[in-house]
Structures are given as C-alpha cells and as structure tokens.
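Right, one structure below, let's go through it.
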Amino acid sequence: MSSEPPPPVPAQAPTHQPSGGLLDTPQDRERSPSPLRGNVVPSPLPTRRTRTFSATVRASQGPVYKGVCKCFCRSKGHGFITPADGGPDIFLHISDVEGEYVPVEGDEVTYKMCSIPPKNEKLQAVEVVITHLAPGTKHETWSGHVVSS
C-alpha cells in the first residue's frame, strides 16, 4: 500500500430532483406547457367583431327598444342600460355604441337586443344610439373632446 492520498473527486451537480414541495424555488420547478401562456385570454363576451353573422341578422331584424344608460365605463369597455319598460338591466359593450359620444349615466338611448351565448339566457344591447344627452353632464367624444350639455 502506498501512502499517497487518493485523487480528488471532481465536484458534481446534485442529482436531487425537485419534489414539488413548498420550499422549491420557481427556478427548480418545471412548468406544464400551456397554449395560453404568454397570450391574452380571449374575452367570452360577444362583441360586434366576434358575433356570428346569423346573430347580427337576427338582432338587426328585431324591434327597437328605448332605455336609459345606467352606467358605462369607457376603460372597462362596457356598461348597462335600464329598459324603459322596467325589465332587468341590459349589458352594453363598447363596440355596439353608434355615434360620436361616449354614453354616460342618464343618456336616453335606443337599442336592439341580442342574446349572449353560450346559454342564450341573458341579453345584450346592440346598435345602441344615444337619442338625448343627459342634461347638465359633460360628454366625451370617442376622439377625446369634452362637450358640456
């Protein structure tokens, strides 16, 4: 036997597999592949752009209703209309507003109705036209100009 020390063992990376426990760091975990990762999830709301042709035709052939804008948020892109006949509030999407003004609370509007998929239980206002601006309020045009009424 010789008195020489054994040769040094090269350093190896640990062969430890992540356990999926609470102490694992995000770098240790592998993420499952997702087709939506890095993409925006599509909106479930039917807009003028995503509505089917047949739904558009059915809505355009329907009667014209009157109501009052209950609320509308331009940044969110939707609001609600209170029907003149006193029924439940009707959903309003920004893509269905006709004309140059952004609706505000109290505006009188006319609209047609279209059902909202997938169950077609709720209704959405389409072809919304502001007939009378709410008095004493400031109205904004789609281009950003503010007009007092």
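Chain labels A, B, ... are given in the sequence in which chains occur in the structure tokens; within each chain residues are numbered consecutively from 1, and ligands are likewise numbered from 1 in the order shown.
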
For Thr137 (chain A): contacts at 7 Å, only C-alpha atoms, fewer than 3 positions along chain excluded, given as a PyMOL selection string: chain A and resi 134+148-149

Can I get the selected residues back with N, CA and C atoms, as a PDB file, in the first residue's frame?
```
ATOM      1  N   ALA A 134     -77.821  63.391 -21.509  1.00  0.00           N
ATOM      2  CA  ALA A 134     -78.268  63.750 -20.162  1.00  0.00           C
ATOM      3  C   ALA A 134     -77.934  65.217 -19.915  1.00  0.00           C
ATOM      4  N   SER A 148     -69.989  70.030 -23.007  1.00  0.00           N
ATOM      5  CA  SER A 148     -70.991  70.178 -21.947  1.00  0.00           C
ATOM      6  C   SER A 148     -72.375  70.191 -22.579  1.00  0.00           C
ATOM      7  N   SER A 149     -73.312  69.506 -21.899  1.00  0.00           N
ATOM      8  CA  SER A 149     -74.691  69.506 -22.427  1.00  0.00           C
ATOM      9  C   SER A 149     -75.631  70.210 -21.471  1.00  0.00           C
TER      10      SER A 149
END
```

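For the residues A:Val102, A:Ser95, A:Ser54, A:Trp142, ranking by smallest atom-to-atom distance to Cys73 (chain A) using only C-alpha atoms places A:Val102 first.
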
Close residues, Phe72 (chain A) itself excluded, 10 Å, only C-alpha atoms, min 3 positions apart in chain, as a ChimeraX atom specification: /A:69,75-81,91-94,102-105

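From CA of Ala84 (chain A) back to CA of Glu98 (chain A), the distance works out to 19.3 Å.
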
Distance criterion (only C-alpha atoms): nearest to Gly86 (chain A) out of A:Arg58, A:Lys122, A:His132, A:Lys66: A:Lys66

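CA of Asp85 (chain A) to CA of Tyr111 (chain A) spans 13.0 Å [interatomic distance, one decimal].
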
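Every protein, DNA or RNA residue with an atom at most 7 Å from Asp96 (chain A), where only C-alpha atoms count and chain neighbours fewer than 3 positions away do not, is listed here: Arg48, His93, Val126, Glu127 and Val128 of chain A.
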
With N, CA and C atoms kept, could you save the residues just selected as a CSV table (one decimal), in the first residue's frame?
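Produced file out-v8.csv, reproduced below:
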```
chain,number,residue,atom,x,y,z
A,48,ARG,N,-69.1,43.1,-31.5
A,48,ARG,CA,-69.5,43.3,-32.9
A,48,ARG,C,-68.6,42.5,-33.8
A,93,HIS,N,-71.9,46.6,-24.7
A,93,HIS,CA,-70.4,46.6,-25.0
A,93,HIS,C,-70.1,47.8,-25.8
A,126,VAL,N,-77.5,45.9,-28.7
A,126,VAL,CA,-76.7,46.1,-29.9
A,126,VAL,C,-77.3,47.3,-30.7
A,127,GLU,N,-76.5,47.9,-31.6
A,127,GLU,CA,-76.9,49.0,-32.4
A,127,GLU,C,-77.5,50.1,-31.5
A,128,VAL,N,-76.7,50.5,-30.4
A,128,VAL,CA,-77.1,51.5,-29.4
A,128,VAL,C,-76.9,52.9,-30.0
```

Atom-to-atom span, CA of Gly87 (chain A) and CA of Gly67 (chain A), Å: 10.0 Å

From A:Val129, A:Val109, A:Val57, A:Val97, residue lying nearest Thr82 (chain A) [only C-alpha atoms]: A:Val109
